[in-house]
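This is run-v2.pdb (PDB, C-alpha atoms).
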```pdb
ATOM      1  CA  MET G  13      -0.394   9.427 -25.829
ATOM      2  CA  ASP G  14      -1.330   9.502 -22.142
ATOM      3  CA  VAL G  15      -4.924   8.410 -21.619
ATOM      4  CA  LEU G  16      -4.597   9.116 -17.896
ATOM      5  CA  ARG G  17      -2.405  11.635 -16.097
ATOM      6  CA  ALA G  18      -2.566  12.220 -12.362
ATOM      7  CA  ASP G  19      -0.233  14.625 -10.573
ATOM      8  CA  ASN G  20       0.349  15.041  -6.832
ATOM      9  CA  ILE G  21      -3.021  13.611  -5.763
ATOM     10  CA  ARG G  22      -3.781  14.140  -2.100
ATOM     11  CA  LYS G  23      -6.880  12.989  -0.233
ATOM     12  CA  THR G  24      -7.648  13.187   3.466
ATOM     13  CA  PHE G  25     -10.453  11.589   5.457
ATOM     14  CA  GLY G  26     -10.675  13.301   8.826
ATOM     15  CA  ASP G  27      -7.175  13.304  10.283
ATOM     16  CA  THR G  28      -5.941  10.534   7.982
ATOM     17  CA  GLU G  29      -4.134  11.431   4.771
ATOM     18  CA  VAL G  30      -4.998   8.461   2.557
ATOM     19  CA  LEU G  31      -3.243   9.680  -0.597
ATOM     20  CA  ARG G  32      -0.009  11.609  -0.098
ATOM     21  CA  GLY G  33       1.085  13.024  -3.425
ATOM     22  CA  ILE G  34       0.360  10.253  -5.933
ATOM     23  CA  SER G  35       1.367  10.775  -9.568
ATOM     24  CA  LEU G  36       0.974   8.336 -12.454
ATOM     25  CA  ARG G  37       0.704   8.056 -16.227
ATOM     26  CA  VAL G  38      -1.062   5.453 -18.359
ATOM     27  CA  LYS G  39      -0.581   5.397 -22.128
ATOM     28  CA  LYS G  40      -3.099   4.122 -24.659
ATOM     29  CA  GLY G  41      -3.190   0.317 -24.710
ATOM     30  CA  GLU G  42      -1.214  -0.085 -21.481
ATOM     31  CA  VAL G  43      -2.222  -2.133 -18.460
ATOM     32  CA  LEU G  44      -1.198  -0.671 -15.106
ATOM     33  CA  ALA G  45      -1.509  -2.895 -12.034
ATOM     34  CA  VAL G  46      -1.700  -1.231  -8.628
ATOM     35  CA  ILE G  47      -0.656  -3.504  -5.772
ATOM     36  CA  GLY G  48      -0.046  -3.088  -2.076
ATOM     37  CA  PRO G  49      -1.389  -4.013   1.354
ATOM     38  CA  SER G  50      -4.960  -3.276   2.410
ATOM     39  CA  GLY G  51      -5.388   0.325   3.487
ATOM     40  CA  SER G  52      -2.613   1.629   1.246
ATOM     41  CA  GLY G  53      -4.990   3.924  -0.702
ATOM     42  CA  LYS G  54      -5.351   1.886  -3.894
ATOM     43  CA  SER G  55      -9.164   1.912  -4.072
ATOM     44  CA  THR G  56      -9.330   5.549  -2.978
ATOM     45  CA  LEU G  57      -7.040   6.421  -5.884
ATOM     46  CA  LEU G  58      -9.457   4.812  -8.344
ATOM     47  CA  ARG G  59     -12.424   6.515  -6.690
ATOM     48  CA  CYS G  60     -10.716   9.895  -7.102
ATOM     49  CA  ILE G  61      -9.917   9.227 -10.765
ATOM     50  CA  THR G  62     -13.549   8.249 -11.433
ATOM     51  CA  GLN G  63     -14.924  11.194  -9.400
ATOM     52  CA  LEU G  64     -16.556   9.087  -6.705
ATOM     53  CA  GLU G  65     -14.330  11.025  -4.294
ATOM     54  CA  LYS G  66     -12.990  14.558  -4.618
ATOM     55  CA  VAL G  67      -9.277  15.186  -4.260
ATOM     56  CA  ASP G  68      -7.971  17.820  -1.860
ATOM     57  CA  GLU G  69      -4.978  18.668  -4.032
ATOM     58  CA  GLY G  70      -3.565  17.697  -7.393
ATOM     59  CA  SER G  71      -4.580  17.439 -11.035
ATOM     60  CA  ILE G  72      -6.197  14.659 -13.098
ATOM     61  CA  GLU G  73      -6.587  14.461 -16.860
ATOM     62  CA  ILE G  74      -8.352  11.719 -18.851
ATOM     63  CA  SER G  75      -8.188  11.579 -22.658
ATOM     64  CA  GLY G  76      -6.905  15.147 -22.752
ATOM     65  CA  ILE G  77      -9.689  16.489 -20.513
ATOM     66  CA  LYS G  78      -8.295  18.018 -17.319
ATOM     67  CA  PHE G  79     -11.243  18.000 -14.938
ATOM     68  CA  VAL G  80      -9.341  18.982 -11.807
ATOM     69  CA  GLU G  81      -6.265  21.200 -11.625
ATOM     70  CA  ASN G  82      -4.448  21.985  -8.390
ATOM     71  CA  GLY G  83      -7.465  20.742  -6.461
ATOM     72  CA  VAL G  84      -9.949  22.961  -8.342
ATOM     73  CA  TYR G  85     -12.607  21.150 -10.363
ATOM     74  CA  GLY G  86     -13.811  22.247 -13.767
ATOM     75  CA  ASP G  87     -17.428  22.955 -14.637
ATOM     76  CA  SER G  88     -20.032  20.186 -14.723
ATOM     77  CA  LYS G  89     -19.675  19.585 -18.474
ATOM     78  CA  THR G  90     -15.896  19.165 -18.224
ATOM     79  CA  CYS G  91     -16.248  16.741 -15.316
ATOM     80  CA  ARG G  92     -18.975  14.777 -17.104
ATOM     81  CA  ASP G  93     -17.000  14.590 -20.356
ATOM     82  CA  ALA G  94     -13.969  13.246 -18.496
ATOM     83  CA  LEU G  95     -16.093  10.786 -16.542
ATOM     84  CA  LEU G  96     -17.605   9.348 -19.721
ATOM     85  CA  CYS G  97     -14.111   8.530 -20.989
ATOM     86  CA  SER G  98     -13.588   6.041 -18.163
ATOM     87  CA  GLY G  99     -15.350   2.962 -16.831
ATOM     88  CA  LEU G 100     -15.165   1.379 -13.386
ATOM     89  CA  VAL G 101     -15.734  -2.275 -12.496
ATOM     90  CA  PHE G 102     -16.506  -2.632  -8.792
ATOM     91  CA  GLN G 103     -15.668  -5.396  -6.328
ATOM     92  CA  ASN G 104     -19.303  -6.277  -5.709
ATOM     93  CA  PHE G 105     -20.836  -6.019  -9.182
ATOM     94  CA  ASN G 106     -23.430  -3.234  -8.466
ATOM     95  CA  LEU G 107     -25.966  -4.660 -10.921
ATOM     96  CA  PHE G 108     -29.609  -3.560 -10.905
ATOM     97  CA  PRO G 109     -31.426  -6.552  -9.345
ATOM     98  CA  HIS G 110     -34.751  -5.731 -11.059
ATOM     99  CA  PHE G 111     -33.168  -5.558 -14.536
ATOM    100  CA  SER G 112     -32.339  -8.548 -16.705
ATOM    101  CA  VAL G 113     -28.732  -9.108 -17.757
ATOM    102  CA  LEU G 114     -29.437  -7.483 -21.131
ATOM    103  CA  GLU G 115     -31.188  -4.523 -19.508
ATOM    104  CA  ASN G 116     -28.263  -4.018 -17.121
ATOM    105  CA  VAL G 117     -25.847  -3.720 -20.041
ATOM    106  CA  MET G 118     -28.174  -1.522 -22.122
ATOM    107  CA  HIS G 119     -29.180   0.879 -19.358
ATOM    108  CA  PRO G 120     -26.100   3.195 -19.221
ATOM    109  CA  PRO G 121     -25.705   3.894 -22.969
ATOM    110  CA  VAL G 122     -29.464   4.338 -23.474
ATOM    111  CA  ASN G 123     -30.103   6.489 -20.403
ATOM    112  CA  VAL G 124     -26.809   8.359 -20.073
ATOM    113  CA  LEU G 125     -25.628   8.649 -23.685
ATOM    114  CA  LYS G 126     -29.166   8.596 -25.171
ATOM    115  CA  LYS G 127     -28.142   5.909 -27.667
ATOM    116  CA  ASP G 128     -30.676   4.204 -29.928
ATOM    117  CA  LYS G 129     -32.220   1.215 -28.145
ATOM    118  CA  GLU G 130     -32.001  -1.247 -31.019
ATOM    119  CA  GLU G 131     -28.404  -0.269 -31.806
ATOM    120  CA  THR G 132     -27.563  -0.627 -28.114
ATOM    121  CA  ARG G 133     -29.294  -3.992 -27.886
ATOM    122  CA  LEU G 134     -27.117  -5.327 -30.702
ATOM    123  CA  LEU G 135     -23.980  -3.940 -29.002
ATOM    124  CA  ALA G 136     -25.030  -5.402 -25.646
ATOM    125  CA  MET G 137     -25.669  -8.830 -27.139
ATOM    126  CA  SER G 138     -22.285  -8.809 -28.873
ATOM    127  CA  LEU G 139     -20.592  -7.942 -25.556
ATOM    128  CA  LEU G 140     -22.508 -10.652 -23.708
ATOM    129  CA  GLU G 141     -21.468 -13.129 -26.370
ATOM    130  CA  LYS G 142     -17.854 -12.030 -25.905
ATOM    131  CA  MET G 143     -18.283 -12.658 -22.173
ATOM    132  CA  GLY G 144     -19.799 -16.099 -22.791
ATOM    133  CA  LEU G 145     -23.164 -14.935 -21.458
ATOM    134  CA  ALA G 146     -25.383 -14.615 -24.523
ATOM    135  CA  ASP G 147     -27.607 -17.390 -23.163
ATOM    136  CA  LYS G 148     -28.103 -15.408 -19.928
ATOM    137  CA  ALA G 149     -29.449 -12.234 -21.565
ATOM    138  CA  ASP G 150     -32.953 -12.707 -20.122
ATOM    139  CA  SER G 151     -31.768 -13.922 -16.716
ATOM    140  CA  TYR G 152     -31.686 -11.767 -13.591
ATOM    141  CA  PRO G 153     -28.684 -11.166 -11.316
ATOM    142  CA  PHE G 154     -29.986 -13.493  -8.578
ATOM    143  CA  GLN G 155     -29.854 -16.341 -11.095
ATOM    144  CA  LEU G 156     -26.140 -15.854 -11.828
ATOM    145  CA  SER G 157     -22.925 -16.990 -10.183
ATOM    146  CA  GLY G 158     -20.517 -14.390  -8.843
ATOM    147  CA  GLY G 159     -18.259 -14.820 -11.849
ATOM    148  CA  GLN G 160     -21.183 -14.344 -14.229
ATOM    149  CA  LYS G 161     -22.279 -11.201 -12.385
ATOM    150  CA  GLN G 162     -18.799  -9.754 -12.680
ATOM    151  CA  ARG G 163     -18.690 -10.530 -16.400
ATOM    152  CA  VAL G 164     -22.006  -8.697 -16.793
ATOM    153  CA  SER G 165     -20.562  -5.690 -14.964
ATOM    154  CA  ILE G 166     -17.546  -5.714 -17.310
ATOM    155  CA  ALA G 167     -19.874  -5.875 -20.337
ATOM    156  CA  ARG G 168     -21.876  -2.972 -18.883
ATOM    157  CA  ALA G 169     -18.720  -0.868 -18.518
ATOM    158  CA  LEU G 170     -17.577  -1.721 -22.057
ATOM    159  CA  ALA G 171     -20.991  -0.764 -23.470
ATOM    160  CA  MET G 172     -20.105   2.864 -22.717
ATOM    161  CA  LYS G 173     -17.030   2.515 -24.967
ATOM    162  CA  PRO G 174     -14.605   4.031 -22.448
ATOM    163  CA  ASP G 175     -11.065   5.032 -23.332
ATOM    164  CA  ILE G 176      -9.809   3.507 -20.082
ATOM    165  CA  LEU G 177     -11.271   0.836 -17.828
ATOM    166  CA  MET G 178     -10.618   0.709 -14.080
ATOM    167  CA  PHE G 179     -10.916  -2.460 -12.017
ATOM    168  CA  ASP G 180     -11.182  -2.252  -8.227
ATOM    169  CA  GLU G 181     -10.264  -5.702  -6.889
ATOM    170  CA  PRO G 182     -12.573  -7.368  -9.445
ATOM    171  CA  THR G 183     -11.990 -10.877  -8.059
ATOM    172  CA  SER G 184     -12.026 -10.171  -4.312
ATOM    173  CA  ALA G 185     -15.614 -11.435  -3.863
ATOM    174  CA  LEU G 186     -15.061 -14.606  -5.899
ATOM    175  CA  ASP G 187     -13.817 -18.088  -5.114
ATOM    176  CA  PRO G 188     -10.671 -19.324  -6.926
ATOM    177  CA  GLU G 189     -12.519 -21.065  -9.780
ATOM    178  CA  LEU G 190     -14.633 -18.004 -10.575
ATOM    179  CA  THR G 191     -11.585 -15.765 -10.213
ATOM    180  CA  GLY G 192     -10.056 -17.618 -13.156
ATOM    181  CA  GLU G 193     -13.078 -16.706 -15.318
ATOM    182  CA  ILE G 194     -12.620 -12.997 -14.687
ATOM    183  CA  LEU G 195      -8.858 -13.006 -15.113
ATOM    184  CA  LYS G 196      -9.303 -14.686 -18.511
ATOM    185  CA  VAL G 197     -11.697 -11.934 -19.588
ATOM    186  CA  MET G 198      -9.207  -9.300 -18.475
ATOM    187  CA  ARG G 199      -6.349 -11.047 -20.272
ATOM    188  CA  ASP G 200      -8.456 -11.015 -23.449
ATOM    189  CA  LEU G 201      -9.144  -7.294 -23.000
ATOM    190  CA  ALA G 202      -5.417  -6.671 -22.652
ATOM    191  CA  LYS G 203      -4.792  -8.590 -25.875
ATOM    192  CA  ASP G 204      -7.361  -6.297 -27.529
ATOM    193  CA  ASN G 205      -5.282  -3.301 -26.328
ATOM    194  CA  MET G 206      -7.856  -2.062 -23.830
ATOM    195  CA  THR G 207      -6.251   0.563 -21.615
ATOM    196  CA  MET G 208      -6.689  -0.566 -18.006
ATOM    197  CA  VAL G 209      -5.820   0.303 -14.434
ATOM    198  CA  VAL G 210      -6.244  -2.746 -12.209
ATOM    199  CA  VAL G 211      -6.133  -2.660  -8.418
ATOM    200  CA  THR G 212      -5.478  -6.279  -7.569
ATOM    201  CA  HIS G 213      -4.134  -8.859  -5.133
ATOM    202  CA  GLU G 214      -3.722 -11.319  -8.025
ATOM    203  CA  MET G 215       0.051 -11.149  -8.319
ATOM    204  CA  LYS G 216       0.300 -13.739 -11.082
ATOM    205  CA  PHE G 217      -2.052 -11.649 -13.213
ATOM    206  CA  ALA G 218      -0.092  -8.485 -12.469
ATOM    207  CA  ARG G 219       3.176 -10.171 -13.382
ATOM    208  CA  GLU G 220       1.934 -11.756 -16.620
ATOM    209  CA  VAL G 221      -0.453  -9.120 -17.997
ATOM    210  CA  ALA G 222       0.510  -5.679 -16.687
ATOM    211  CA  ASP G 223       2.932  -3.475 -18.580
ATOM    212  CA  TYR G 224       3.718  -1.483 -15.463
ATOM    213  CA  VAL G 225       3.158  -2.053 -11.757
ATOM    214  CA  ILE G 226       2.824   0.461  -8.935
ATOM    215  CA  PHE G 227       3.419  -0.736  -5.375
ATOM    216  CA  MET G 228       1.634   1.495  -2.853
ATOM    217  CA  GLU G 229       1.773   1.644   0.925
ATOM    218  CA  ASN G 230       0.480   4.224   3.407
ATOM    219  CA  GLY G 231      -0.754   6.498   0.646
ATOM    220  CA  VAL G 232       2.502   6.787  -1.264
ATOM    221  CA  ILE G 233       4.094   4.967  -4.192
ATOM    222  CA  ILE G 234       6.961   2.884  -2.831
ATOM    223  CA  GLU G 235       8.086   1.688  -6.243
ATOM    224  CA  GLU G 236       6.916   1.784  -9.850
ATOM    225  CA  ALA G 237       8.455  -0.043 -12.790
ATOM    226  CA  LYS G 238       7.834  -2.536 -15.534
ATOM    227  CA  ALA G 239       6.206  -5.705 -14.232
ATOM    228  CA  ASP G 240       9.284  -7.925 -14.511
ATOM    229  CA  GLU G 241      11.374  -5.319 -12.662
ATOM    230  CA  ILE G 242       8.884  -5.063  -9.785
ATOM    231  CA  PHE G 243       8.740  -8.829  -9.360
ATOM    232  CA  ASN G 244      12.532  -8.980  -9.268
ATOM    233  CA  SER G 245      12.861  -5.842  -7.188
ATOM    234  CA  ALA G 246      15.794  -5.122  -4.910
ATOM    235  CA  ASN G 247      13.595  -2.861  -2.789
ATOM    236  CA  GLU G 248      13.295  -4.469   0.639
ATOM    237  CA  ARG G 249       9.702  -3.402   1.248
ATOM    238  CA  THR G 250       8.543  -4.564  -2.183
ATOM    239  CA  ARG G 251      10.271  -7.905  -1.731
ATOM    240  CA  ALA G 252       8.770  -8.394   1.730
ATOM    241  CA  PHE G 253       5.276  -7.720   0.383
ATOM    242  CA  LEU G 254       5.655 -10.091  -2.564
ATOM    243  CA  GLU G 255       7.090 -12.875  -0.408
ATOM    244  CA  GLY G 256       3.634 -13.257   1.108
ATOM    245  CA  TYR G 257       2.289 -14.624  -2.185
ATOM    246  CA  SER G 258       2.810 -18.180  -3.301
ATOM    247  CA  GLY G 259       3.612 -19.065  -6.877
ATOM    248  CA  LEU G 260       5.982 -16.144  -7.431
TER     249      LEU G 260
END
```
Would you encode the structure as structure tokens?
Amino acid sequence: MDVLRADNIRKTFGDTEVLRGISLRVKKGEVLAVIGPSGSGKSTLLRCITQLEKVDEGSIEISGIKFVENGVYGDSKTCRDALLCSGLVFQNFNLFPHFSVLENVMHPPVNVLKKDKEETRLLAMSLLEKMGLADKADSYPFQLSGGQKQRVSIARALAMKPDILMFDEPTSALDPELTGEILKVMRDLAKDNMTMVVVTHEMKFAREVADYVIFMENGVIIEEAKADEIFNSANERTRAFLEGYSGL
């Protein structure tokens, strides 16, 4: 079953066509890594899927809910229902600075889904424990390291129980040691069969964890294949990009 289907996505900013006919599929339990140079359209693709940007053309369906077809968006309920099936983890955490860690995780399900507060508190604490942050429940974001903040943001996204979780360069703001913390969390999510789309420059993670990899450049997909095929690609452009990374 496809959790995510995108067909012929096009997006233009001014005179620049950032996405030029992108199509992809992600099945339940799969991890898709999206790689490519800066400016290739990777983050814009995620922003279109999560409705932070509107596409100019194309269709997107999440968990069987097609919220845009041939560039025409559905009604507000359809768009909201599709949005609630996905979660997005940002580069820079986007936590509420005036909320405690526990309040940050509880806020979306209580205020968006109108979930019971005590039930949500128990869920939030279980997620924080899974993230190794149960002892930080009463702390505030300014008291946390970057890696801890990102783990809170992952817990917050999981609290909404999404069918698919998107990561937009989740380690780009972190130093190497803290990057390892987040990659471990994501590896554990993959082992738990969480469906994920991960925009990343962490090639080792993409090679070891992703089921499929898409290599993008200049708003188009240059190559897409299983991870081991991408990292042993005969495509000259793919090989030239990957040669810039050590350890491969």
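Residues in contact with segment 110-119 of chain G at 8 Å, where only C-alpha atoms are counted and same-chain residues fewer than 5 positions away are skipped, are listed as G:Val124, G:Lys129, G:Thr132, G:Arg133, G:Ala136, G:Met137, G:Lys148, G:Ala149, G:Asp150, G:Ser151, G:Tyr152, G:Pro153, G:Val164, G:Ser165, G:Ala167, G:Arg168, G:Ala169, G:Ala171.
Environment of (-5.6, 18.7, -1.3): residues at most 8 Å away, judged by only C-alpha atoms, are Ile21, Arg22, Lys23, Thr24, Val67, Asp68, Glu69, Gly70, Asn82 and Gly83 of chain G.
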message = Using all atoms listed in the file - which residues lie no farther than 12 Å from the point (-16.7, 12.0, -16.8) in the file's frame? Write them as JSON, numbers by chain.
response = {"G": [60, 61, 62, 63, 64, 72, 73, 74, 75, 76, 77, 78, 79, 80, 85, 86, 87, 88, 89, 90, 91, 92, 93, 94, 95, 96, 97, 98, 99, 100, 124, 125, 172, 174, 175, 176]}
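Of the residues under consideration (G:Glu236, G:Arg219, G:Tyr257, G:Gln103), G:Gln103 shows the shortest atom-to-atom contact distance to Thr191 of chain G when counting only C-alpha atoms.
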Put a box with edges along x, y and z around all the listed atoms of segment 49-55 of chain G, pad it by 3 Å on each side, then give me its centre and sizes in Å, one decimal, as JSON.
```
{"center_x": -5.3, "center_y": 0.0, "center_z": -0.3, "size_x": 13.8, "size_y": 13.9, "size_z": 13.6}
```
message = What does the structure give for the distance between atom CA of Leu16 of chain G and atom CA of Met208 of chain G, in Å to one decimal?
response =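 According to the coordinates, atom CA of Leu16 of chain G and atom CA of Met208 of chain G are separated by 9.9 Å.
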Interface rows for segment 46-81 of chain G against segment 226-231 of chain G: nearest pair, Å to one decimal, 9 Å, all atoms listed in the file, as CSV:
```
residue,atom,partner,partner_atom,distance
G:Val46,CA,G:Ile226,CA,4.8
G:Ile47,CA,G:Phe227,CA,4.9
G:Gly48,CA,G:Met228,CA,4.9
G:Pro49,CA,G:Glu229,CA,6.5
G:Ser50,CA,G:Glu229,CA,8.5
G:Gly51,CA,G:Asn230,CA,7.0
G:Ser52,CA,G:Glu229,CA,4.4
G:Gly53,CA,G:Gly231,CA,5.1
G:Lys54,CA,G:Met228,CA,7.1
```
Could you turn the residues from that selection into a file that holds C-alpha atoms, as a CSV table (one decimal), in the coordinates of the input?
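Now in result_28.csv:
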```
chain,number,residue,atom,x,y,z
G,46,VAL,CA,-1.7,-1.2,-8.6
G,47,ILE,CA,-0.7,-3.5,-5.8
G,48,GLY,CA,0.0,-3.1,-2.1
G,49,PRO,CA,-1.4,-4.0,1.4
G,50,SER,CA,-5.0,-3.3,2.4
G,51,GLY,CA,-5.4,0.3,3.5
G,52,SER,CA,-2.6,1.6,1.2
G,53,GLY,CA,-5.0,3.9,-0.7
G,54,LYS,CA,-5.4,1.9,-3.9
```
task = Have a look at G:Phe102, G:Glu42, G:Leu57, G:Leu186 and name the one nearest to Lys238 of chain G; count only C-alpha atoms.
result =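 Checking each candidate against Lys238 of chain G, we get G:Glu42 as the closest.
The space between atom CA of Gln162 of chain G and atom CA of Ser55 of chain G spans 17.4 Å.
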inquiry  = I'd like to know which of G:Glu189, G:Arg251, G:Glu220, G:Met215 is closest to Lys203 of chain G, using all atoms listed in the file.
reply    =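 Among the listed residues, the smallest separation from Lys203 of chain G belongs to G:Glu220.
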key: Residue nearest Ile234 of chain G among G:Lys40, G:Arg17, G:Lys196, G:Arg32 (counting all atoms listed in the file)   =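 For Ile234 of chain G, the nearest of the given residues is G:Arg32.
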Near-Val210 of chain G list (7 Å; only C-alpha atoms; drop same-chain fewer than 4 positions) as an mmCIF file with C-alpha atoms, in the frame of the given file:
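result-v6.cif, freshly written:
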```cif
data_model
loop_
_atom_site.group_PDB
_atom_site.id
_atom_site.type_symbol
_atom_site.label_atom_id
_atom_site.label_comp_id
_atom_site.auth_asym_id
_atom_site.auth_seq_id
_atom_site.Cartn_x
_atom_site.Cartn_y
_atom_site.Cartn_z
ATOM 1 C CA LEU G 44 -1.198 -0.671 -15.106
ATOM 2 C CA ALA G 45 -1.509 -2.895 -12.034
ATOM 3 C CA VAL G 46 -1.700 -1.231 -8.628
ATOM 4 C CA MET G 178 -10.618 0.709 -14.080
ATOM 5 C CA PHE G 179 -10.916 -2.460 -12.017
ATOM 6 C CA ASP G 180 -11.182 -2.252 -8.227
#
```
key: For Leu201 of chain G, the nearest of the candidates G:Leu58, G:Met13, G:Leu139, G:Ile34, counting all atoms listed in the file   = G:Leu139
request  = Could you jot down the atom CA of Met143 of chain G to atom CA of Val197 of chain G separation for me, Å, one decimal place?
outcome  =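 For atom CA of Met143 of chain G relative to atom CA of Val197 of chain G, the distance reads 7.1 Å.
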ask   = Given the choices G:Asp200, G:Glu241, G:Asp19, G:Asp27, which gets closest to Lys142 of chain G if the distance is worked out from only C-alpha atoms?
value =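 Closest to Lys142 of chain G, using only C-alpha atoms: G:Asp200.
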